[in-house]
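Source file run.txt; content: compact mmCIF, C-alpha atoms and all ligand atoms.
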```
# COMPACT_ATOMS: atom_id res chain seq x y z
CA MET A 1 0.00 0.00 0.00
CA SER A 2 2.99 2.30 0.15
CA GLU A 3 2.04 3.65 -3.33
CA LEU A 4 -1.10 4.97 -1.68
CA PHE A 5 0.94 7.04 0.76
CA ASP A 6 3.58 7.94 -1.84
CA LYS A 7 0.93 9.62 -3.96
CA VAL A 8 1.24 13.40 -3.91
CA ILE A 9 -2.13 15.12 -3.72
CA GLU A 10 -2.13 18.85 -4.46
CA ARG A 11 -3.42 20.67 -1.37
CA LYS A 12 -2.39 24.21 -2.28
CA GLY A 13 -5.47 26.19 -3.18
CA THR A 14 -7.80 23.84 -1.30
CA SER A 15 -8.13 26.11 1.77
CA SER A 16 -5.68 23.90 3.64
CA MET A 17 -4.30 25.50 6.79
CA LYS A 18 -0.98 23.72 6.28
CA TRP A 19 -0.47 24.81 2.67
CA ASP A 20 -2.55 27.96 2.27
CA MET A 21 -1.92 29.88 5.51
CA LEU A 22 1.84 30.21 5.30
CA LYS A 23 1.80 33.97 4.76
CA GLU A 24 -0.52 34.53 7.73
CA ARG A 25 1.34 32.18 10.07
CA PHE A 26 4.96 32.52 8.95
CA GLY A 27 5.02 35.82 7.07
CA ALA A 28 6.11 34.28 3.75
CA GLU A 29 4.31 32.45 0.96
CA ASP A 30 6.93 30.23 -0.64
CA LEU A 31 7.77 28.03 2.35
CA TRP A 32 7.71 24.24 2.34
CA PRO A 33 5.07 23.26 4.93
CA MET A 34 6.21 20.75 7.57
CA TRP A 35 4.05 22.02 10.41
CA VAL A 36 0.45 21.67 11.75
CA ALA A 37 -0.72 18.17 12.73
CA ASP A 38 -2.72 16.95 9.80
CA MET A 39 -1.65 14.59 7.03
CA ASP A 40 -1.17 15.04 3.29
CA PHE A 41 -2.93 11.68 2.75
CA GLN A 42 -6.47 10.87 1.73
CA ALA A 43 -8.64 9.25 4.40
CA PRO A 44 -9.25 5.49 4.02
CA GLN A 45 -11.29 4.48 0.98
CA ALA A 46 -14.12 3.17 3.16
CA VAL A 47 -14.50 6.64 4.68
CA LEU A 48 -14.51 8.31 1.26
CA ASP A 49 -17.11 5.79 0.02
CA ALA A 50 -19.38 6.35 3.00
CA LEU A 51 -19.18 10.13 2.59
CA LYS A 52 -19.80 9.86 -1.16
CA GLU A 53 -22.89 7.81 -0.50
CA LYS A 54 -24.21 10.60 1.69
CA ILE A 55 -23.34 13.24 -0.92
CA ASP A 56 -25.10 11.20 -3.61
CA HIS A 57 -28.16 10.94 -1.42
CA GLY A 58 -28.01 14.70 -1.38
CA VAL A 59 -30.35 15.38 1.52
CA PHE A 60 -28.58 17.08 4.40
CA GLY A 61 -31.34 17.49 6.93
CA TYR A 62 -30.98 17.27 10.72
CA GLN A 63 -28.96 14.26 11.80
CA ALA A 64 -30.15 11.67 14.30
CA HIS A 65 -27.39 10.03 16.31
CA SER A 66 -27.06 6.41 15.28
CA PRO A 67 -26.43 3.65 17.86
CA SER A 68 -24.23 1.98 15.25
CA VAL A 69 -21.69 4.80 15.79
CA ASP A 70 -21.65 3.87 19.50
CA GLU A 71 -21.06 0.24 18.59
CA ALA A 72 -18.19 1.15 16.26
CA VAL A 73 -16.56 3.34 18.94
CA LYS A 74 -17.04 0.74 21.68
CA SER A 75 -15.54 -1.98 19.54
CA TRP A 76 -12.57 0.24 18.58
CA LEU A 77 -11.74 0.98 22.24
CA GLU A 78 -11.90 -2.71 23.07
CA ARG A 79 -9.91 -3.89 20.06
CA ARG A 80 -7.23 -1.23 20.14
CA TYR A 81 -6.78 -0.52 23.86
CA HIS A 82 -8.49 -3.50 25.56
CA TRP A 83 -10.71 -0.92 27.23
CA LYS A 84 -14.27 -1.99 27.91
CA VAL A 85 -16.59 0.96 28.37
CA ASP A 86 -20.31 1.20 28.07
CA PRO A 87 -21.49 3.42 25.19
CA SER A 88 -23.71 5.27 27.63
CA SER A 89 -20.50 6.97 28.81
CA PHE A 90 -19.74 8.51 25.39
CA ILE A 91 -20.52 12.15 24.72
CA TYR A 92 -19.96 13.30 21.13
CA THR A 93 -18.51 16.74 20.46
CA PRO A 94 -17.24 18.67 17.44
CA GLY A 95 -13.54 18.67 18.33
CA VAL A 96 -11.22 17.92 21.22
CA VAL A 97 -10.09 21.50 21.89
CA PRO A 98 -13.66 22.84 22.28
CA THR A 99 -14.34 19.84 24.53
CA LEU A 100 -11.38 20.69 26.77
CA SER A 101 -12.69 24.22 27.10
CA HIS A 102 -16.21 23.05 27.97
CA ILE A 103 -15.02 20.54 30.58
CA ILE A 104 -12.96 23.28 32.20
CA GLN A 105 -15.98 25.59 32.28
CA ALA A 106 -18.28 22.89 33.66
CA PHE A 107 -16.02 21.54 36.43
CA THR A 108 -13.83 24.39 37.60
CA GLU A 109 -14.37 27.99 38.72
CA LYS A 110 -12.63 31.17 37.65
CA GLN A 111 -9.22 31.45 39.39
CA ASP A 112 -9.02 27.69 40.02
CA GLU A 113 -5.64 26.24 39.14
CA ILE A 114 -5.19 23.77 36.30
CA ILE A 115 -1.92 21.93 35.70
CA ILE A 116 -0.32 21.15 32.36
CA GLN A 117 2.95 19.35 31.73
CA THR A 118 5.12 21.37 29.41
CA PRO A 119 6.27 21.60 26.65
CA VAL A 120 2.79 20.79 25.42
CA TYR A 121 0.26 21.33 22.62
CA TYR A 122 -0.24 25.11 22.66
CA PRO A 123 -4.09 25.24 22.84
CA PHE A 124 -3.81 23.74 26.35
CA TYR A 125 -2.56 27.18 27.42
CA ASP A 126 -5.44 28.97 25.69
CA VAL A 127 -8.26 26.82 27.05
CA ILE A 128 -7.06 27.56 30.58
CA LYS A 129 -6.17 31.24 30.22
CA LYS A 130 -9.09 32.27 28.02
CA ASN A 131 -11.44 30.76 30.59
CA ASP A 132 -9.80 32.84 33.37
CA ARG A 133 -8.39 29.83 35.16
CA VAL A 134 -4.86 29.91 36.56
CA LEU A 135 -2.32 27.97 34.54
CA VAL A 136 0.17 26.01 36.62
CA LYS A 137 3.05 24.19 34.99
CA ASN A 138 4.59 20.91 35.94
CA PRO A 139 7.37 20.91 33.32
CA LEU A 140 8.38 17.50 32.00
CA HIS A 141 11.94 16.41 32.64
CA PHE A 142 13.98 15.82 29.47
CA ASN A 143 16.63 13.23 30.24
CA GLY A 144 18.53 13.82 27.00
CA GLU A 145 16.62 11.07 25.21
CA LYS A 146 13.03 11.35 26.27
CA TYR A 147 10.60 13.24 28.47
CA GLU A 148 9.51 12.01 31.89
CA MET A 149 6.91 13.26 34.31
CA ASP A 150 8.30 14.72 37.52
CA LEU A 151 5.78 13.66 40.17
CA ASN A 152 7.66 15.11 43.15
CA GLN A 153 7.61 18.44 41.40
CA LEU A 154 3.91 17.87 40.62
CA GLU A 155 3.14 17.42 44.33
CA SER A 156 5.04 20.60 45.08
CA VAL A 157 2.96 22.76 42.70
CA ILE A 158 -0.45 21.47 43.84
CA THR A 159 -2.32 23.80 46.23
CA GLU A 160 -5.88 23.74 47.55
CA LYS A 161 -6.86 25.84 44.53
CA THR A 162 -5.67 23.15 42.11
CA LYS A 163 -8.67 21.38 40.62
CA MET A 164 -7.55 19.70 37.45
CA LEU A 165 -4.67 18.32 35.42
CA ILE A 166 -4.67 18.02 31.64
CA LEU A 167 -2.71 15.00 30.51
CA CYS A 168 -1.49 14.71 26.93
CA HIS A 169 -1.26 10.98 26.17
CA PRO A 170 0.53 10.25 23.89
CA HIS A 171 2.36 13.47 24.53
CA ASN A 172 2.60 16.15 21.86
CA PRO A 173 5.35 17.22 21.30
CA GLY A 174 8.05 14.61 21.96
CA GLY A 175 5.86 11.58 21.26
CA ARG A 176 5.96 9.86 24.65
CA VAL A 177 3.43 7.04 25.02
CA TRP A 178 3.07 7.02 28.80
CA SER A 179 3.51 3.54 30.26
CA ARG A 180 1.08 1.85 32.63
CA ALA A 181 3.53 2.34 35.51
CA GLU A 182 3.87 6.06 34.77
CA LEU A 183 0.09 6.45 34.53
CA GLU A 184 -0.45 4.55 37.79
CA ALA A 185 2.03 6.79 39.57
CA LEU A 186 0.32 9.89 38.16
CA ALA A 187 -3.11 8.51 39.15
CA ALA A 188 -1.88 8.06 42.73
CA VAL A 189 -0.92 11.75 43.00
CA CYS A 190 -4.16 12.96 41.37
CA LYS A 191 -6.19 10.76 43.67
CA LYS A 192 -4.40 11.99 46.77
CA HIS A 193 -5.17 15.60 45.84
CA ASN A 194 -8.67 14.95 44.52
CA LEU A 195 -7.89 16.34 41.07
CA PHE A 196 -10.00 15.94 37.97
CA VAL A 197 -8.01 14.72 35.00
CA ILE A 198 -8.71 15.48 31.37
CA SER A 199 -6.76 12.89 29.43
CA ASP A 200 -6.37 14.08 25.85
CA GLU A 201 -5.76 10.83 23.99
CA ILE A 202 -6.30 12.08 20.44
CA HIS A 203 -2.95 10.58 19.32
CA ALA A 204 -3.71 7.16 20.88
CA ASP A 205 -3.82 5.24 17.61
CA LEU A 206 -0.59 6.61 16.17
CA LEU A 207 1.89 4.23 17.76
CA TYR A 208 5.37 3.09 16.80
CA ASP A 209 6.12 -0.64 16.78
CA GLY A 210 6.50 -2.06 20.26
CA TYR A 211 4.23 0.48 21.99
CA SER A 212 0.64 0.10 23.09
CA HIS A 213 -1.79 2.66 24.34
CA VAL A 214 -3.12 2.33 27.88
CA PRO A 215 -6.01 4.73 28.54
CA PHE A 216 -5.37 6.71 31.73
CA ALA A 217 -8.89 5.92 32.98
CA SER A 218 -8.20 2.20 32.67
CA VAL A 219 -5.34 2.07 35.17
CA ASP A 220 -7.14 3.09 38.34
CA LYS A 221 -10.82 2.54 39.19
CA GLU A 222 -11.06 5.50 41.52
CA MET A 223 -9.41 7.91 39.09
CA ALA A 224 -11.65 6.60 36.31
CA GLU A 225 -14.48 8.26 38.26
CA ARG A 226 -12.74 11.65 37.99
CA THR A 227 -11.38 11.38 34.45
CA PHE A 228 -12.60 12.80 31.15
CA THR A 229 -10.98 10.91 28.28
CA CYS A 230 -11.00 12.89 25.04
CA LEU A 231 -10.67 10.81 21.90
CA ALA A 232 -11.29 11.20 18.18
CA PRO A 233 -10.78 9.47 14.85
CA SER A 234 -9.64 12.80 13.41
CA LYS A 235 -5.88 12.60 14.00
CA THR A 236 -5.81 8.86 13.19
CA PHE A 237 -7.66 9.05 9.87
CA ASN A 238 -7.02 12.66 8.81
CA LEU A 239 -10.53 13.96 9.46
CA ALA A 240 -9.70 17.15 11.38
CA GLY A 241 -11.72 19.34 9.01
CA ILE A 242 -14.80 17.21 9.66
CA GLN A 243 -14.70 18.06 13.37
CA THR A 244 -15.51 14.85 15.17
CA SER A 245 -14.58 13.76 18.67
CA TYR A 246 -16.02 12.25 21.83
CA VAL A 247 -15.35 12.20 25.52
CA VAL A 248 -15.66 9.12 27.69
CA VAL A 249 -17.05 9.93 31.16
CA GLU A 250 -17.63 6.81 33.23
CA ASN A 251 -19.00 8.50 36.34
CA LEU A 252 -22.74 9.01 36.02
CA GLU A 253 -22.92 12.23 38.00
CA LEU A 254 -20.08 13.89 36.08
CA ARG A 255 -21.53 12.67 32.81
CA ARG A 256 -24.95 14.16 33.59
CA LYS A 257 -23.35 17.45 34.55
CA LEU A 258 -21.25 17.62 31.39
CA LYS A 259 -24.18 16.61 29.18
CA ASN A 260 -26.30 19.35 30.72
CA PHE A 261 -23.54 21.88 30.26
CA LEU A 262 -23.02 20.90 26.61
CA ALA A 263 -26.76 20.97 26.03
CA GLY A 264 -26.66 24.58 27.20
CA THR A 265 -23.99 25.52 24.68
CA PHE A 266 -25.47 23.28 21.95
CA MET A 267 -22.17 21.49 21.54
CA ASN A 268 -23.51 18.02 22.12
CA SER A 269 -23.86 16.42 18.71
CA LEU A 270 -22.01 15.50 15.55
CA ASN A 271 -22.92 16.69 12.07
CA SER A 272 -23.92 14.14 9.40
CA PHE A 273 -20.44 13.85 7.91
CA ALA A 274 -18.82 13.43 11.31
CA GLU A 275 -21.20 10.60 12.24
CA ILE A 276 -20.62 8.81 8.95
CA ALA A 277 -16.86 9.27 8.83
CA THR A 278 -16.39 8.20 12.45
CA GLU A 279 -18.32 4.98 11.98
CA ALA A 280 -16.69 4.08 8.66
CA ALA A 281 -13.18 4.81 9.95
CA TYR A 282 -13.58 2.74 13.11
CA ARG A 283 -15.31 -0.14 11.34
CA HIS A 284 -13.12 -0.38 8.25
CA GLY A 285 -9.98 1.71 8.78
CA GLU A 286 -7.77 -0.61 10.80
CA ALA A 287 -5.72 -2.09 7.93
CA TRP A 288 -5.17 1.42 6.51
CA LEU A 289 -3.97 2.59 9.93
CA GLU A 290 -1.42 -0.24 10.15
CA GLU A 291 -0.07 0.74 6.72
CA LEU A 292 -0.04 4.40 7.69
CA MET A 293 2.08 3.82 10.78
CA ASP A 294 4.40 1.57 8.82
CA TYR A 295 4.87 4.39 6.31
CA VAL A 296 5.32 7.05 9.01
CA GLN A 297 7.98 4.95 10.75
CA LYS A 298 9.86 4.56 7.47
CA ASN A 299 9.63 8.32 7.03
CA TYR A 300 11.10 8.67 10.50
CA GLN A 301 14.00 6.35 9.57
CA MET A 302 14.62 8.31 6.40
CA VAL A 303 14.65 11.63 8.24
CA VAL A 304 16.94 10.35 10.99
CA GLU A 305 19.44 8.92 8.50
CA PHE A 306 19.40 12.12 6.45
CA ILE A 307 19.83 14.35 9.46
CA GLU A 308 22.62 12.22 10.93
CA ALA A 309 24.50 12.31 7.63
CA LYS A 310 23.86 15.89 6.51
CA MET A 311 22.78 17.99 9.50
CA PRO A 312 24.43 16.30 12.48
CA LYS A 313 23.97 19.25 14.81
CA ILE A 314 20.22 18.61 14.79
CA LYS A 315 19.14 15.76 17.08
CA PRO A 316 15.79 14.05 16.43
CA ILE A 317 14.06 12.71 19.55
CA GLN A 318 12.87 9.14 18.96
CA PRO A 319 9.06 9.20 19.16
CA GLU A 320 7.00 6.36 20.63
CA GLY A 321 3.79 7.68 19.12
CA THR A 322 2.32 10.53 17.01
CA TYR A 323 3.49 11.41 13.49
CA LEU A 324 5.33 14.44 14.82
CA LEU A 325 9.09 14.61 15.23
CA TRP A 326 10.67 16.79 17.91
CA LEU A 327 14.06 18.12 16.88
CA ASP A 328 16.61 19.26 19.42
CA CYS A 329 18.42 22.14 17.70
CA SER A 330 20.48 23.35 20.66
CA GLU A 331 23.80 22.43 19.03
CA LEU A 332 23.14 24.87 16.20
CA GLY A 333 24.11 27.56 18.67
CA LEU A 334 21.33 29.93 17.55
CA THR A 335 18.81 31.70 19.73
CA ASP A 336 15.18 30.74 19.15
CA ALA A 337 14.58 33.95 17.20
CA GLU A 338 17.69 33.38 15.06
CA ARG A 339 16.70 29.78 14.34
CA LYS A 340 13.18 30.78 13.40
CA LYS A 341 14.51 33.41 11.00
CA TRP A 342 17.04 30.96 9.56
CA LEU A 343 14.37 28.33 8.89
CA ILE A 344 11.96 30.78 7.30
CA GLU A 345 14.32 33.05 5.39
CA GLU A 346 17.19 30.74 4.48
CA ALA A 347 15.81 27.18 4.52
CA GLN A 348 12.34 28.35 3.46
CA VAL A 349 10.57 25.69 5.46
CA ALA A 350 7.68 26.01 7.90
CA LEU A 351 8.10 23.96 11.09
CA ASN A 352 6.29 24.39 14.41
CA HIS A 353 8.63 26.55 16.47
CA GLY A 354 9.47 24.96 19.84
CA PRO A 355 8.65 27.95 22.07
CA MET A 356 5.02 27.78 20.84
CA PHE A 357 4.74 24.80 23.20
CA GLY A 358 6.02 26.82 26.14
CA GLU A 359 9.43 28.08 27.19
CA GLU A 360 10.45 24.44 27.74
CA GLY A 361 10.24 24.08 23.95
CA SER A 362 13.12 26.51 23.55
CA ASN A 363 15.82 25.11 21.20
CA PHE A 364 13.35 22.68 19.57
CA GLU A 365 11.37 22.53 16.34
CA ARG A 366 8.53 20.14 15.47
CA MET A 367 8.39 18.43 12.08
CA ASN A 368 5.36 16.64 10.61
CA LEU A 369 6.21 13.18 9.19
CA ALA A 370 2.74 12.38 7.79
CA CYS A 371 3.28 13.19 4.15
CA PRO A 372 4.56 11.43 1.02
CA ARG A 373 8.29 10.74 1.25
CA SER A 374 9.00 13.02 -1.71
CA ILE A 375 7.40 15.94 0.14
CA LEU A 376 9.47 15.23 3.22
CA GLN A 377 12.60 14.95 1.06
CA GLU A 378 12.02 18.40 -0.48
CA GLY A 379 11.78 19.93 2.99
CA LEU A 380 14.94 18.14 4.12
CA ASN A 381 16.81 19.24 0.99
CA ARG A 382 15.90 22.84 1.67
CA MET A 383 17.09 22.55 5.25
CA ARG A 384 20.31 20.87 4.20
CA ALA A 385 21.17 23.59 1.66
CA ALA A 386 20.69 26.27 4.32
CA TYR A 387 22.58 24.17 6.89
CA GLU A 388 25.59 23.75 4.61
CA LYS A 389 25.77 27.49 4.00
CA ARG A 390 25.61 28.33 7.70
CA PHE A 391 27.20 25.47 9.70
C1 LIG A 401 -2.99 16.86 21.90
C2 LIG A 401 -3.96 17.39 20.90
N1 LIG A 401 -5.24 17.61 21.25
C3 LIG A 401 -6.14 18.08 20.38
C4 LIG A 401 -5.79 18.37 19.07
C5 LIG A 401 -6.81 18.94 18.13
O1 LIG A 401 -8.06 18.42 18.34
P1 LIG A 401 -9.33 18.96 17.56
O2 LIG A 401 -8.91 19.26 16.15
O3 LIG A 401 -10.30 17.83 17.65
O4 LIG A 401 -9.80 20.17 18.30
C6 LIG A 401 -4.47 18.17 18.66
C7 LIG A 401 -4.06 18.51 17.29
O5 LIG A 401 -2.91 18.51 16.96
C8 LIG A 401 -3.53 17.67 19.60
O6 LIG A 401 -2.25 17.46 19.26
```
Please rewrite the model in this file as structure tokens.
Amino acid sequence: MSELFDKVIERKGTSSMKWDMLKERFGAEDLWPMWVADMDFQAPQAVLDALKEKIDHGVFGYQAHSPSVDEAVKSWLERRYHWKVDPSSFIYTPGVVPTLSHIIQAFTEKQDEIIIQTPVYYPFYDVIKKNDRVLVKNPLHFNGEKYEMDLNQLESVITEKTKMLILCHPHNPGGRVWSRAELEALAAVCKKHNLFVISDEIHADLLYDGYSHVPFASVDKEMAERTFTCLAPSKTFNLAGIQTSYVVVENLELRRKLKNFLAGTFMNSLNSFAEIATEAAYRHGEAWLEELMDYVQKNYQMVVEFIEAKMPKIKPIQPEGTYLLWLDCSELGLTDAERKKWLIEEAQVALNHGPMFGEEGSNFERMNLACPRSILQEGLNRMRAAYEKRF
């Protein structure tokens, strides 16, 4: 199937954020896009067929939620993560980030403290700050190879105003797939301090060989009662523009409260395309996903070999999950601002700049590996040419 992923599909001029918003986001038009976390691949054929069927039907009236979507989700969670949850605990929402914001509004008060573990996906900052909650950091510890949670430090930043922790699992950026032991240790601290946990597991399906995803809520029965697990087929199957996600809330009381809250903001349903794409992806997308991750891992190998040979001062951090590669650029000896300028003006590539993920992302850049190899190669060639001139 690698021909499928090798195929270059023109995205410029299709209102693609990655390809068509370079001027707005980076200040220049002619950059090679290696940023934002979506893929340059078509969704699985079964998803395209299901959507086409709907288009051909041509009637786009109000959508009823179908129990067969619940069945498809339930079966996916069991098959992929050995997690048995009753479909009554699913709440469907149009996107993970809006869901994070709504959970924060429903379960915390203004000025309550919410912890994030940095460097982390930048909207985590916004959903806390824009809701007038107090952002508290528990920075991850980078041991030179990978990130680890610092639970002693976590205990030291918790106060009686701390109500919630947002976990990113797998972690973006850096690609850690937190192990059962790490999750159990985290659960113990959250339990002791009575914290709610939002576990953002949107990258859960994007795993490198040898890693498996353990849902945070599955490691500890008591914490499962205080956890909101945010999931979606959107990262896995490249459906971000369709806006589909769901949150698993096992505790009845919390679920009722969240459902009521979402009913009040009218954020509690999926549109027709989201329903259809979610079901088709989860029922028929598994083989495609295996091929995808095989392709992404080969892209990773290719990038690592190229960088080692041609740009040895850049150090890729081996991911365990996600299709995003975190590059340690400290040996370049540039400040963040200088590196950003060098990448945009000299290499003419668009990467996600490390400090976007917090000051702990200083010296890093994030590269998207989910594209045809030829696209990745063009970006690497541009970087190499600029590297050879400068270093
Ligand atoms: C950790 C994490 N959560 C959420 C999202 C986006 O979710 P959505 O598009 O459903 O709002 C991303 C996208 O990159 C992400 O990395």
**OP:** Excluding Leu270 in chain A and any residue of its chain fewer than 4 positions from it, enumerate the residues within 7 Å of it, using only C-alpha atoms, and give them as a PyMOL selection string.
**Re:** chain A and resi 92-94+244+274-275
Could those residues be written to a file, using C-alpha atoms, as a short mmCIF file (atom, residue, chain, number, x, y, z; two decimals), in the frame of the given file?
```
data_model
loop_
_atom_site.label_atom_id
_atom_site.label_comp_id
_atom_site.auth_asym_id
_atom_site.auth_seq_id
_atom_site.Cartn_x
_atom_site.Cartn_y
_atom_site.Cartn_z
CA TYR A 92 -19.96 13.30 21.13
CA THR A 93 -18.51 16.74 20.46
CA PRO A 94 -17.24 18.67 17.44
CA THR A 244 -15.51 14.85 15.17
CA ALA A 274 -18.82 13.43 11.31
CA GLU A 275 -21.20 10.60 12.24
#
```
Give me, as a Markdown table, each residue of chain A that comes within 8 Å of ligand LIG 401 (chain A), together with its shortest interatomic pair and the distance in Å at one decimal, counting all atoms listed in the file, with rows ordered by chain and rising residue number.
```
| residue | atom | partner | partner_atom | distance |
| --- | --- | --- | --- | --- |
| A:Val36 | CA | A:LIG401 | O5 | 7.0 |
| A:Ala37 | CA | A:LIG401 | O5 | 4.8 |
| A:Asp38 | CA | A:LIG401 | O5 | 7.3 |
| A:Pro94 | CA | A:LIG401 | O3 | 7.0 |
| A:Gly95 | CA | A:LIG401 | O3 | 3.4 |
| A:Val96 | CA | A:LIG401 | O3 | 3.7 |
| A:Val97 | CA | A:LIG401 | O4 | 3.8 |
| A:Pro98 | CA | A:LIG401 | O4 | 6.2 |
| A:Thr99 | CA | A:LIG401 | O4 | 7.7 |
| A:Val120 | CA | A:LIG401 | C1 | 7.8 |
| A:Tyr121 | CA | A:LIG401 | C1 | 5.6 |
| A:Pro123 | CA | A:LIG401 | C3 | 7.8 |
| A:Cys168 | CA | A:LIG401 | C1 | 5.7 |
| A:His169 | CA | A:LIG401 | C1 | 7.5 |
| A:Pro170 | CA | A:LIG401 | C1 | 7.7 |
| A:His171 | CA | A:LIG401 | C1 | 6.9 |
| A:Asn172 | CA | A:LIG401 | C1 | 5.6 |
| A:Pro173 | CA | A:LIG401 | O6 | 7.9 |
| A:Asp200 | CA | A:LIG401 | C1 | 5.9 |
| A:Glu201 | CA | A:LIG401 | C1 | 7.0 |
| A:Ile202 | CA | A:LIG401 | N1 | 5.7 |
| A:His203 | CA | A:LIG401 | C1 | 6.8 |
| A:Ala232 | CA | A:LIG401 | O3 | 6.7 |
| A:Ser234 | CA | A:LIG401 | O3 | 6.6 |
| A:Lys235 | CA | A:LIG401 | C7 | 7.0 |
| A:Ala240 | CA | A:LIG401 | O2 | 5.3 |
| A:Gly241 | CA | A:LIG401 | O2 | 7.7 |
| A:Gln243 | CA | A:LIG401 | O3 | 6.1 |
| A:Thr244 | CA | A:LIG401 | O3 | 6.5 |
| A:Ser245 | CA | A:LIG401 | O3 | 6.0 |
```
Subject >> Among listed residues A:Cys329, A:Leu369, A:Ile91, A:Ile317, nearest Lys146 in chain A (using all atoms listed in the file) >> reply: A:Ile317
Subject >> Pairwise distance for CA of His141 in chain A and CA of Gln117 in chain A, rounded to one decimal in Å >> reply: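 Calculated distance between CA of His141 in chain A and CA of Gln117 in chain A is 9.5 Å.
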**OP:** Between CA of Ser88 in chain A and CA of Tyr211 in chain A, measure the distance and give it in Å to one decimal.
**Re:** 28.9 Å
Subject >> Contacts of Phe26 in chain A at 10 Å (only C-alpha atoms; same-chain gap of 2+ positions) as a list in words >> reply: Met21, Leu22, Lys23, Glu24, Ala28, Glu29, Leu31, Lys340, Lys341, Ile344, Val349, Ala350, Leu351 and Asn352 of chain A
Subject >> Best match for closeness to Met383 in chain A among A:Ala347, A:Ile158, A:Ala106, A:Leu327, counting all atoms listed in the file >> reply: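 Selected residue with least distance to Met383 in chain A: A:Ala347.
Neighbouring residues of Glu222 in chain A at 10 Å or closer, counting all atoms listed in the file and skipping chain neighbours under 5 positions away, are Ala187, Ala188, Lys191, Ala217, Thr227 and Asn251 of chain A.
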**OP:** Kindly indicate which residue among A:Trp35, A:Tyr208, A:Phe41, A:Tyr387 lies nearest to Cys371 in chain A, using all atoms listed in the file for the distances.
**Re:** A:Phe41
**OP:** Measuring atom to atom with all atoms listed in the file, identify which of A:Glu291, A:Asp86, A:Glu253, A:Glu145 is nearest to Phe107 in chain A.
**Re:**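 The shortest atom-to-atom distance to Phe107 in chain A comes from A:Glu253.
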Subject >> For Asp49 in chain A, the nearest of the candidates A:Ile276, A:Lys257, A:Asp336, A:Val189, counting only C-alpha atoms >> reply: A:Ile276
Repair of range 50-64 of chain A at the level of N, CA and C atoms, as an mmCIF file, in the frame of the given file:
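Full text of out-v3.cif as output:
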```
data_model
loop_
_atom_site.group_PDB
_atom_site.id
_atom_site.type_symbol
_atom_site.label_atom_id
_atom_site.label_comp_id
_atom_site.auth_asym_id
_atom_site.auth_seq_id
_atom_site.Cartn_x
_atom_site.Cartn_y
_atom_site.Cartn_z
ATOM 1 N N ALA A 50 -18.227 6.068 2.146
ATOM 2 C CA ALA A 50 -19.380 6.350 3.000
ATOM 3 C C ALA A 50 -19.815 7.815 2.846
ATOM 4 N N LEU A 51 -18.835 8.713 2.762
ATOM 5 C CA LEU A 51 -19.180 10.130 2.590
ATOM 6 C C LEU A 51 -19.799 10.385 1.220
ATOM 7 N N LYS A 52 -19.255 9.689 0.196
ATOM 8 C CA LYS A 52 -19.800 9.860 -1.160
ATOM 9 C C LYS A 52 -21.244 9.401 -1.216
ATOM 10 N N GLU A 53 -21.516 8.315 -0.514
ATOM 11 C CA GLU A 53 -22.890 7.810 -0.500
ATOM 12 C C GLU A 53 -23.843 8.884 0.052
ATOM 13 N N LYS A 54 -23.394 9.541 1.098
ATOM 14 C CA LYS A 54 -24.210 10.600 1.690
ATOM 15 C C LYS A 54 -24.387 11.765 0.700
ATOM 16 N N ILE A 55 -23.286 12.135 0.058
ATOM 17 C CA ILE A 55 -23.340 13.240 -0.920
ATOM 18 C C ILE A 55 -24.324 12.880 -2.047
ATOM 19 N N ASP A 56 -24.225 11.617 -2.511
ATOM 20 C CA ASP A 56 -25.100 11.200 -3.610
ATOM 21 C C ASP A 56 -26.562 11.206 -3.175
ATOM 22 N N HIS A 57 -26.785 10.879 -1.927
ATOM 23 C CA HIS A 57 -28.160 10.940 -1.420
ATOM 24 C C HIS A 57 -28.644 12.387 -1.483
ATOM 25 N N GLY A 58 -27.759 13.282 -1.123
ATOM 26 C CA GLY A 58 -28.010 14.700 -1.380
ATOM 27 C C GLY A 58 -28.965 15.410 -0.445
ATOM 28 N N VAL A 59 -29.432 14.731 0.565
ATOM 29 C CA VAL A 59 -30.350 15.380 1.520
ATOM 30 C C VAL A 59 -29.580 15.567 2.823
ATOM 31 N N PHE A 60 -29.412 16.809 3.226
ATOM 32 C CA PHE A 60 -28.580 17.080 4.400
ATOM 33 C C PHE A 60 -29.391 17.693 5.535
ATOM 34 N N GLY A 61 -30.489 17.021 5.842
ATOM 35 C CA GLY A 61 -31.340 17.490 6.930
ATOM 36 C C GLY A 61 -30.743 17.173 8.293
ATOM 37 N N TYR A 62 -31.493 17.482 9.366
ATOM 38 C CA TYR A 62 -30.980 17.270 10.720
ATOM 39 C C TYR A 62 -30.617 15.804 10.931
ATOM 40 N N GLN A 63 -29.520 15.595 11.621
ATOM 41 C CA GLN A 63 -28.960 14.260 11.800
ATOM 42 C C GLN A 63 -29.432 13.662 13.118
ATOM 43 N N ALA A 64 -29.871 12.400 13.064
ATOM 44 C CA ALA A 64 -30.150 11.670 14.300
ATOM 45 C C ALA A 64 -28.893 10.879 14.657
#
```
